[in-house]
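Source file: input_15.csv. Holds: CSV, C-alpha atoms and all ligand atoms.
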chain,number,residue,atom,x,y,z
H,1,MET,CA,127.6,62.7,139.0
H,2,ASN,CA,127.2,66.2,137.9
H,3,LEU,CA,127.7,65.9,134.1
H,4,LEU,CA,125.3,68.7,133.3
H,5,GLN,CA,126.0,71.2,136.2
H,6,ASN,CA,124.4,74.6,135.5
H,7,LYS,CA,123.3,73.6,132.0
H,8,VAL,CA,119.8,74.4,130.8
H,9,ALA,CA,117.9,71.6,129.0
H,10,LEU,CA,114.6,71.8,127.1
H,11,ILE,CA,112.9,68.4,126.8
H,12,THR,CA,109.7,67.9,124.8
H,13,GLY,CA,107.1,65.3,126.1
H,14,ALA,CA,108.5,64.6,129.5
H,15,THR,CA,105.4,63.9,131.6
H,16,ARG,CA,105.9,60.1,131.3
H,17,GLY,CA,108.0,57.4,129.7
H,18,ILE,CA,111.3,58.1,128.2
H,19,GLY,CA,111.0,61.9,128.5
H,20,LYS,CA,110.4,61.7,132.2
H,21,GLY,CA,113.4,59.4,132.6
H,22,ILE,CA,115.6,61.9,130.8
H,23,ALA,CA,114.3,64.8,132.8
H,24,LEU,CA,115.1,63.0,136.1
H,25,SER,CA,118.5,61.9,134.9
H,26,PHE,CA,119.4,65.4,133.7
H,27,ALA,CA,118.2,67.0,137.0
H,28,LYS,CA,120.2,64.4,139.0
H,29,ASN,CA,123.2,65.6,137.0
H,30,GLY,CA,122.7,69.3,137.9
H,31,ALA,CA,120.8,70.5,134.8
H,32,ASN,CA,118.0,73.1,135.1
H,33,VAL,CA,115.1,71.5,133.2
H,34,ALA,CA,112.3,73.1,131.1
H,35,PHE,CA,110.0,70.4,129.8
H,36,THR,CA,106.8,70.2,127.7
H,37,TYR,CA,103.7,68.1,127.6
H,38,ALA,CA,100.5,67.9,125.4
H,39,SER,CA,97.7,67.6,128.0
H,40,SER,CA,98.9,65.8,131.2
H,41,GLU,CA,98.7,68.9,133.5
H,42,GLU,CA,98.7,67.0,136.8
H,43,LYS,CA,101.7,64.8,135.9
H,44,ALA,CA,103.5,68.0,134.8
H,45,ILE,CA,103.0,69.7,138.1
H,46,ALA,CA,104.1,66.5,140.0
H,47,LEU,CA,107.3,66.3,137.8
H,48,GLU,CA,108.1,69.9,138.3
H,49,ALA,CA,108.0,69.3,142.0
H,50,GLU,CA,110.1,66.1,141.8
H,51,LEU,CA,112.7,67.9,139.7
H,52,THR,CA,112.8,70.9,141.9
H,53,SER,CA,113.3,68.7,145.0
H,54,LEU,CA,116.6,67.5,143.4
H,55,GLY,CA,117.9,71.1,143.8
H,56,VAL,CA,117.6,72.4,140.3
H,57,LYS,CA,115.3,74.9,138.6
H,58,ALA,CA,112.4,73.2,136.7
H,59,LYS,CA,109.3,74.2,134.8
H,60,GLY,CA,106.7,72.4,132.8
H,61,TYR,CA,105.1,74.1,129.7
H,62,LYS,CA,101.9,73.0,128.0
H,63,SER,CA,103.0,73.4,124.4
H,64,ASP,CA,102.2,71.5,121.2
H,65,ALA,CA,105.5,70.6,119.7
H,66,GLY,CA,103.9,70.2,116.3
H,67,ASN,CA,102.8,73.8,116.2
H,68,PHE,CA,105.4,76.1,114.7
H,69,ALA,CA,104.3,79.4,116.3
H,70,ALA,CA,103.9,77.6,119.7
H,71,ALA,CA,107.4,76.1,119.5
H,72,ASP,CA,108.9,79.5,118.7
H,73,ALA,CA,107.0,81.2,121.6
H,74,LEU,CA,108.0,78.4,124.0
H,75,VAL,CA,111.7,78.8,123.2
H,76,ASN,CA,111.4,82.6,123.8
H,77,GLU,CA,109.7,81.9,127.2
H,78,VAL,CA,112.3,79.4,128.3
H,79,VAL,CA,115.2,81.7,127.4
H,80,ALA,CA,113.5,84.5,129.3
H,81,GLU,CA,113.1,82.3,132.3
H,82,PHE,CA,116.3,80.2,132.3
H,83,GLY,CA,118.7,82.6,130.5
H,84,THR,CA,119.7,80.2,127.6
H,85,ILE,CA,119.2,76.7,126.2
H,86,ASP,CA,122.3,74.4,126.1
H,87,ILE,CA,120.5,71.1,125.4
H,88,LEU,CA,117.4,70.3,123.3
H,89,VAL,CA,115.9,66.9,123.5
H,90,ASN,CA,113.2,66.4,120.8
H,91,ASN,CA,111.4,63.5,122.5
H,92,ALA,CA,107.7,64.1,122.1
H,93,GLY,CA,106.1,61.5,119.9
H,94,ILE,CA,102.8,59.6,119.2
H,95,THR,CA,101.7,56.5,117.3
H,96,ARG,CA,98.6,56.0,115.1
H,97,ASP,CA,99.3,52.4,114.0
H,98,THR,CA,97.5,50.7,111.3
H,99,LEU,CA,98.1,49.1,107.9
H,100,LEU,CA,98.4,51.5,104.9
H,101,MET,CA,95.2,50.0,103.5
H,102,ARG,CA,93.3,51.4,106.5
H,103,MET,CA,95.4,54.5,107.3
H,104,SER,CA,93.5,57.8,107.0
H,105,GLU,CA,95.1,61.1,105.9
H,106,GLN,CA,94.5,62.4,109.4
H,107,GLN,CA,96.5,59.5,111.0
H,108,TRP,CA,99.3,60.2,108.6
H,109,ASP,CA,99.3,64.0,109.3
H,110,GLU,CA,99.0,63.7,113.1
H,111,VAL,CA,102.0,61.4,113.3
H,112,LEU,CA,104.2,63.4,110.9
H,113,ASN,CA,103.2,66.6,112.6
H,114,ALA,CA,103.8,65.5,116.2
H,115,ASN,CA,107.0,63.4,115.5
H,116,LEU,CA,108.8,65.1,112.6
H,117,LYS,CA,107.5,68.7,112.1
H,118,SER,CA,108.0,69.1,115.9
H,119,VAL,CA,111.8,68.4,115.5
H,120,PHE,CA,112.0,71.1,112.7
H,121,ASN,CA,110.0,73.5,114.8
H,122,LEU,CA,112.0,73.2,118.0
H,123,THR,CA,115.4,72.9,116.4
H,124,LYS,CA,114.9,76.0,114.3
H,125,ALA,CA,113.8,78.0,117.3
H,126,VAL,CA,116.7,76.9,119.6
H,127,GLN,CA,119.3,77.7,116.8
H,128,ARG,CA,119.1,81.4,118.0
H,129,PRO,CA,120.2,80.9,121.6
H,130,MET,CA,122.7,78.2,120.7
H,131,LEU,CA,124.4,80.3,117.9
H,132,LYS,CA,124.6,83.1,120.4
H,133,ALA,CA,126.2,80.9,123.0
H,134,LYS,CA,128.4,79.2,120.4
H,135,LYS,CA,127.5,75.8,121.7
H,136,GLY,CA,124.7,73.3,122.0
H,137,SER,CA,123.7,69.7,121.9
H,138,ILE,CA,120.5,68.6,120.1
H,139,ILE,CA,119.2,65.1,120.6
H,140,ASN,CA,116.4,63.7,118.5
H,141,MET,CA,114.4,60.6,119.5
H,142,SER,CA,114.1,58.4,116.4
H,143,SER,CA,113.4,54.7,116.6
H,144,VAL,CA,114.8,51.4,115.2
H,145,VAL,CA,111.6,51.3,113.0
H,146,GLY,CA,112.9,54.5,111.4
H,147,VAL,CA,116.0,52.5,110.4
H,148,LYS,CA,114.4,49.2,109.3
H,149,GLY,CA,110.7,50.0,108.8
H,150,ASN,CA,107.7,48.1,110.4
H,151,ALA,CA,104.5,46.8,109.0
H,152,GLY,CA,101.5,48.7,110.4
H,153,GLN,CA,103.7,51.7,111.2
H,154,SER,CA,104.4,53.4,107.9
H,155,ASN,CA,103.5,56.8,109.2
H,156,TYR,CA,105.5,56.4,112.4
H,157,SER,CA,108.5,54.8,110.6
H,158,ALA,CA,108.5,57.6,108.0
H,159,SER,CA,108.5,60.2,110.7
H,160,LYS,CA,111.4,58.5,112.5
H,161,ALA,CA,113.4,58.0,109.3
H,162,GLY,CA,112.9,61.6,108.5
H,163,ILE,CA,114.3,62.5,111.9
H,164,ILE,CA,117.6,60.7,111.0
H,165,GLY,CA,118.0,62.6,107.8
H,166,PHE,CA,117.2,65.9,109.5
H,167,THR,CA,119.7,65.1,112.3
H,168,LYS,CA,122.5,64.4,109.9
H,169,SER,CA,121.8,67.6,107.9
H,170,ILE,CA,121.7,69.8,111.0
H,171,ALA,CA,125.0,68.3,112.2
H,172,LEU,CA,126.5,69.3,108.9
H,173,GLU,CA,125.0,72.8,109.0
H,174,LEU,CA,125.8,73.6,112.6
H,175,GLY,CA,129.0,71.7,113.3
H,176,SER,CA,131.3,74.7,112.6
H,177,ARG,CA,129.3,76.6,115.2
H,178,ASN,CA,130.0,74.0,117.9
H,179,ILE,CA,126.4,72.8,117.9
H,180,ARG,CA,126.1,69.0,117.8
H,181,CYS,CA,123.0,67.1,116.6
H,182,ASN,CA,122.5,63.4,117.2
H,183,ALA,CA,119.7,60.9,117.0
H,184,ILE,CA,118.8,58.0,119.3
H,185,ALA,CA,117.0,55.0,117.9
H,186,PRO,CA,115.4,53.0,120.8
H,187,GLY,CA,114.2,49.5,120.2
H,188,PHE,CA,111.5,48.2,122.4
H,189,ILE,CA,111.3,50.4,125.5
H,190,GLU,CA,108.6,49.5,128.0
H,191,THR,CA,106.6,52.7,128.7
H,192,GLU,CA,102.9,53.7,128.5
H,193,MET,CA,103.2,53.9,124.8
H,194,THR,CA,104.1,50.2,124.6
H,195,GLY,CA,101.8,49.3,127.5
H,196,ALA,CA,98.8,49.6,125.1
H,197,LEU,CA,100.1,46.6,123.2
H,198,ASP,CA,99.0,43.0,123.6
H,199,GLU,CA,101.0,41.2,126.4
H,200,LYS,CA,101.5,38.1,124.2
H,201,ILE,CA,103.1,40.1,121.5
H,202,VAL,CA,105.2,42.0,124.0
H,203,GLN,CA,106.5,38.7,125.4
H,204,GLN,CA,107.4,37.5,121.9
H,205,TRP,CA,109.4,40.7,121.4
H,206,ARG,CA,111.2,40.3,124.7
H,207,ASP,CA,112.1,36.7,123.7
H,208,SER,CA,113.5,37.8,120.3
H,209,ILE,CA,115.8,40.5,121.8
H,210,PRO,CA,119.4,39.2,122.3
H,211,LEU,CA,119.5,40.8,125.8
H,212,LYS,CA,116.1,39.1,126.6
H,213,ARG,CA,114.3,42.1,127.9
H,214,GLY,CA,112.6,45.3,126.9
H,215,GLY,CA,114.6,48.5,127.5
H,216,THR,CA,113.8,50.9,130.3
H,217,SER,CA,113.4,54.7,130.3
H,218,GLU,CA,116.6,54.8,132.4
H,219,ASP,CA,118.5,52.9,129.6
H,220,VAL,CA,117.6,55.6,127.1
H,221,ALA,CA,118.2,58.4,129.6
H,222,ASN,CA,121.8,57.2,130.1
H,223,LEU,CA,122.5,57.5,126.4
H,224,THR,CA,120.8,60.8,126.2
H,225,LEU,CA,122.8,62.1,129.2
H,226,PHE,CA,126.0,61.0,127.4
H,227,LEU,CA,125.1,62.8,124.2
H,228,ALA,CA,124.0,65.9,126.1
H,229,SER,CA,127.2,66.1,128.2
H,230,ASP,CA,130.8,67.0,127.4
H,231,LEU,CA,131.7,63.3,127.4
H,232,SER,CA,130.5,63.3,123.7
H,233,THR,CA,132.0,66.5,122.4
H,234,TYR,CA,133.4,64.8,119.3
H,235,ILE,CA,130.2,63.0,118.4
H,236,THR,CA,127.8,64.6,115.9
H,237,GLY,CA,125.6,63.5,113.0
H,238,GLN,CA,125.1,60.0,114.4
H,239,CYS,CA,122.1,57.8,115.0
H,240,ILE,CA,122.8,55.4,117.9
H,241,ASN,CA,120.6,52.3,118.3
H,242,ILE,CA,119.7,51.4,121.9
H,243,CYS,CA,117.8,48.1,121.4
H,244,GLY,CA,119.4,45.3,123.4
H,245,GLY,CA,120.9,44.0,120.2
H,246,MET,CA,117.5,43.7,118.4
H,247,LEU,CA,118.8,45.5,115.3
H,248,THR,CA,121.9,43.4,114.7
W,1,LIG,P1,104.9,58.2,125.9
W,1,LIG,O1,105.0,57.4,127.1
W,1,LIG,O2,103.6,58.1,125.0
W,1,LIG,O3,105.0,59.8,126.2
W,1,LIG,C1,105.0,60.7,125.2
W,1,LIG,C2,105.2,62.1,125.7
W,1,LIG,O4,105.1,63.1,124.7
W,1,LIG,C3,104.2,62.6,126.8
W,1,LIG,O5,104.8,63.4,127.7
W,1,LIG,C4,103.2,63.4,125.9
W,1,LIG,O6,102.5,64.4,126.7
W,1,LIG,C5,104.2,64.1,125.0
W,1,LIG,N1,103.6,64.5,123.7
W,1,LIG,C6,102.9,63.8,122.8
W,1,LIG,N2,102.5,64.6,121.8
W,1,LIG,C7,103.0,65.9,122.1
W,1,LIG,C8,103.0,67.1,121.4
W,1,LIG,N3,102.4,67.3,120.2
W,1,LIG,N4,103.6,68.2,122.0
W,1,LIG,C9,104.2,68.0,123.2
W,1,LIG,N5,104.3,66.9,123.9
W,1,LIG,C10,103.7,65.8,123.3
W,1,LIG,O7,106.1,57.9,124.9
W,1,LIG,P2,107.5,57.1,125.1
W,1,LIG,O8,107.3,55.7,124.9
W,1,LIG,O9,108.1,57.6,126.3
W,1,LIG,O10,108.3,57.6,123.8
W,1,LIG,C11,109.1,58.8,123.8
W,1,LIG,C12,109.8,59.0,122.5
W,1,LIG,O11,110.5,57.9,122.2
W,1,LIG,C13,108.8,59.1,121.3
W,1,LIG,O12,109.3,60.0,120.3
W,1,LIG,C14,108.7,57.7,120.7
W,1,LIG,O13,108.4,57.7,119.4
W,1,LIG,C15,110.2,57.3,121.0
W,1,LIG,N6,110.4,55.8,121.0
W,1,LIG,C16,109.7,55.1,121.9
W,1,LIG,C17,109.9,53.7,121.9
W,1,LIG,C18,109.3,52.8,122.9
W,1,LIG,O14,109.4,51.6,122.8
W,1,LIG,N7,108.6,53.3,124.0
W,1,LIG,C19,110.7,53.1,121.0
W,1,LIG,C20,111.3,53.9,120.0
W,1,LIG,C21,111.2,55.3,120.0
W,1,LIG,P3,101.1,64.1,127.4
W,1,LIG,O15,101.4,63.2,128.6
W,1,LIG,O16,100.6,65.4,127.8
W,1,LIG,O17,100.2,63.4,126.4

Here is the file; what I need is its structure written in the form of structure tokens.
Ligand code: NAP
Amino acid sequence: MNLLQNKVALITGATRGIGKGIALSFAKNGANVAFTYASSEEKAIALEAELTSLGVKAKGYKSDAGNFAAADALVNEVVAEFGTIDILVNNAGITRDTLLMRMSEQQWDEVLNANLKSVFNLTKAVQRPMLKAKKGSIINMSSVVGVKGNAGQSNYSASKAGIIGFTKSIALELGSRNIRCNAIAPGFIETEMTGALDEKIVQQWRDSIPLKRGGTSEDVANLTLFLASDLSTYITGQCINICGGMLT
């Protein structure tokens, strides 16, 4: 399939997990891919090579999505290198899980900055090339815990709920300019982020999911591809759960 032939995508946090799955899926569908990471230089170089071997242009940028000036500079660099940005996937995210009783101000700020302020930073910066091109698709990675909350994740849940409100507002602001903005709310997707969790708890989660398994990066990449492509040109302002029926 070539659903994204000649489109340019910017994906934040693509050196592993869901972001990497999205980068590979986009490249297999003909997109030129600019991606970011926080510190995994070696993984970024390897991914750049893997994407390029699929016959597209690809480049990794070390850029802190939570830093306003860095996000602005990144978008300028990507536009200079790739010509435009058709698709933005705000995927970068972190966790600092603990009960509110033990949560420090730093743990709150780090998560809100990396997960929510990053979405503001990048979306604001890509507005310029998207308005100029009179088209664009912005996809923000929320979470089912942003929809329903989760004990021990008040910082993370708040950041992911904030993403949903932001997504709907931007869809309302930019719809008339043919720029779409949607959110994805993954349930339990088995990546390095979840690999840090206790195996017994992980198995309990798998057992409680109607489809009886954790999701994969490919599952999320398939939905992201749909929202990025022209198959979804009449969908904006939505938050789509991808959770094996967990949130039902
Ligand atoms: P992951 O495996 O931990 O990967 C996170 C990626 O984000 C890495 O590439 C990391 O770069 C990058 N990153 C972190 N902070 C960054 C920053 N400030 N600036 C730029 N890049 C940054 O995470 P994942 O499990 O694939 O999750 C991806 C997204 O899906 C996150 O937003 C997460 O909240 C969301 N999500 C995940 C699940 C799940 O079950 N896995 C469920 C719901 C939602 P480095 O490699 O350099 O650190």

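Atom CA of H:Leu225 sits 18.0 Å away from atom O13 of ligand LIG 1 (chain W).
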
All residues 12 Å or closer to H:Leu227, only C-alpha atoms, same chain fewer than 3 positions away omitted, as a PyMOL selection string:
chain H and resi 3-4+22+26+87-89+136-141+179-184+220-224+230-240

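From atom CA of H:Ala58 back to atom CA of H:Phe35, the distance works out to 7.8 Å.
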
Closest of H:Val79, H:Ala46, H:Ile189, H:Ala228 to ligand LIG 1 (chain W) - atom-to-atom distances counting all atoms listed in the file:
H:Ile189

Sphere at (95.7, 74.4, 132.7), radius 10 Å, counting all atoms listed in the file: residues as an MDAnalysis selection string
chainID H and resid 39:42 61:62

For stretch 197-210 of chain H, find every residue with an atom within 8 Å (counting all atoms listed in the file), except residues of its own chain fewer than 3 positions away, and show them as a PyMOL selection string.
chain H and resi 188+194+213-214+243-246

Residues near stretch 105-114 of chain H, cut-off 9 Å, only C-alpha atoms, skip fewer than 5 positions along chain, as JSON, numbers by chain:
{"H": [64, 65, 66, 67, 92, 93, 94, 95, 96, 97, 98, 119, 154, 155, 156, 158, 159, 160]}

Long-range neighbours of H:Pro129 as a PyMOL selection string, 9 Å cut-off, all atoms listed in the file, 5 positions minimum in chain
chain H and resi 75+79+84-86+134-136

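Of the listed residues (H:Lys212, H:Lys7, H:Lys43, H:Lys28), H:Lys43 comes nearest to ligand LIG 1 (chain W); the distances count only C-alpha atoms and all ligand atoms.
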
Calculated over only C-alpha atoms, which of the candidates H:Asn76, H:Gln153, H:Asn241, H:Ser169 has the smallest distance to H:Met103?
H:Gln153

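For the residues H:Leu131, H:Met101, H:Leu172, H:Ile45, ranking by smallest atom-to-atom distance to ligand LIG 1 (chain W) using all atoms listed in the file places H:Ile45 first.
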
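Among H:Asp219, H:Glu81, H:Asp72, H:Glu190, the residue with the shortest atom-to-atom distance to ligand LIG 1 (chain W), counting all atoms listed in the file, is H:Glu190.
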
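Proximity ranking of H:Thr36, H:Ser217, H:Ser229, H:Thr12 relative to H:Asn115 places H:Thr12 first, based on all atoms listed in the file.
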
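Counting from atom O2 of ligand LIG 1 (chain W), the distance to atom CA of H:Leu211 is 23.5 Å.
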
For stretch 92-107 of chain H, supply N, CA and C atoms and format the output as a PDB file, in the coordinates of the input.
ATOM      1  N   ALA H  92     109.135  64.282 122.192  1.00  0.00           N
ATOM      2  CA  ALA H  92     107.700  64.100 122.100  1.00  0.00           C
ATOM      3  C   ALA H  92     107.352  63.249 120.836  1.00  0.00           C
ATOM      4  N   GLY H  93     106.430  62.322 121.013  1.00  0.00           N
ATOM      5  CA  GLY H  93     106.100  61.500 119.900  1.00  0.00           C
ATOM      6  C   GLY H  93     104.765  60.743 120.144  1.00  0.00           C
ATOM      7  N   ILE H  94     104.094  60.382 119.061  1.00  0.00           N
ATOM      8  CA  ILE H  94     102.800  59.600 119.200  1.00  0.00           C
ATOM      9  C   ILE H  94     102.821  58.505 118.133  1.00  0.00           C
ATOM     10  N   THR H  95     101.889  57.569 118.311  1.00  0.00           N
ATOM     11  CA  THR H  95     101.700  56.500 117.300  1.00  0.00           C
ATOM     12  C   THR H  95     100.187  56.545 116.881  1.00  0.00           C
ATOM     13  N   ARG H  96      99.933  56.207 115.647  1.00  0.00           N
ATOM     14  CA  ARG H  96      98.600  56.000 115.100  1.00  0.00           C
ATOM     15  C   ARG H  96      98.713  54.756 114.217  1.00  0.00           C
ATOM     16  N   ASP H  97      98.947  53.567 114.829  1.00  0.00           N
ATOM     17  CA  ASP H  97      99.300  52.400 114.000  1.00  0.00           C
ATOM     18  C   ASP H  97      98.161  51.765 113.295  1.00  0.00           C
ATOM     19  N   THR H  98      98.385  51.482 112.048  1.00  0.00           N
ATOM     20  CA  THR H  98      97.500  50.700 111.300  1.00  0.00           C
ATOM     21  C   THR H  98      98.102  50.403 109.887  1.00  0.00           C
ATOM     22  N   LEU H  99      97.580  49.395 109.196  1.00  0.00           N
ATOM     23  CA  LEU H  99      98.100  49.100 107.900  1.00  0.00           C
ATOM     24  C   LEU H  99      97.787  50.246 106.907  1.00  0.00           C
ATOM     25  N   LEU H 100      98.626  50.440 105.914  1.00  0.00           N
ATOM     26  CA  LEU H 100      98.400  51.500 104.900  1.00  0.00           C
ATOM     27  C   LEU H 100      97.016  51.480 104.340  1.00  0.00           C
ATOM     28  N   MET H 101      96.552  50.251 104.108  1.00  0.00           N
ATOM     29  CA  MET H 101      95.200  50.000 103.500  1.00  0.00           C
ATOM     30  C   MET H 101      94.129  50.769 104.336  1.00  0.00           C
ATOM     31  N   ARG H 102      94.317  50.816 105.658  1.00  0.00           N
ATOM     32  CA  ARG H 102      93.300  51.400 106.500  1.00  0.00           C
ATOM     33  C   ARG H 102      93.689  52.832 107.012  1.00  0.00           C
ATOM     34  N   MET H 103      94.910  53.259 106.712  1.00  0.00           N
ATOM     35  CA  MET H 103      95.400  54.500 107.300  1.00  0.00           C
ATOM     36  C   MET H 103      94.701  55.730 106.670  1.00  0.00           C
ATOM     37  N   SER H 104      94.191  56.606 107.530  1.00  0.00           N
ATOM     38  CA  SER H 104      93.500  57.800 107.000  1.00  0.00           C
ATOM     39  C   SER H 104      94.583  58.919 106.840  1.00  0.00           C
ATOM     40  N   GLU H 105      94.191  59.925 106.089  1.00  0.00           N
ATOM     41  CA  GLU H 105      95.100  61.100 105.900  1.00  0.00           C
ATOM     42  C   GLU H 105      95.351  61.732 107.261  1.00  0.00           C
ATOM     43  N   GLN H 106      94.312  61.746 108.106  1.00  0.00           N
ATOM     44  CA  GLN H 106      94.500  62.400 109.400  1.00  0.00           C
ATOM     45  C   GLN H 106      95.513  61.606 110.275  1.00  0.00           C
ATOM     46  N   GLN H 107      95.482  60.257 110.223  1.00  0.00           N
ATOM     47  CA  GLN H 107      96.500  59.500 111.000  1.00  0.00           C
ATOM     48  C   GLN H 107      97.884  59.714 110.487  1.00  0.00           C
TER      49      GLN H 107
END
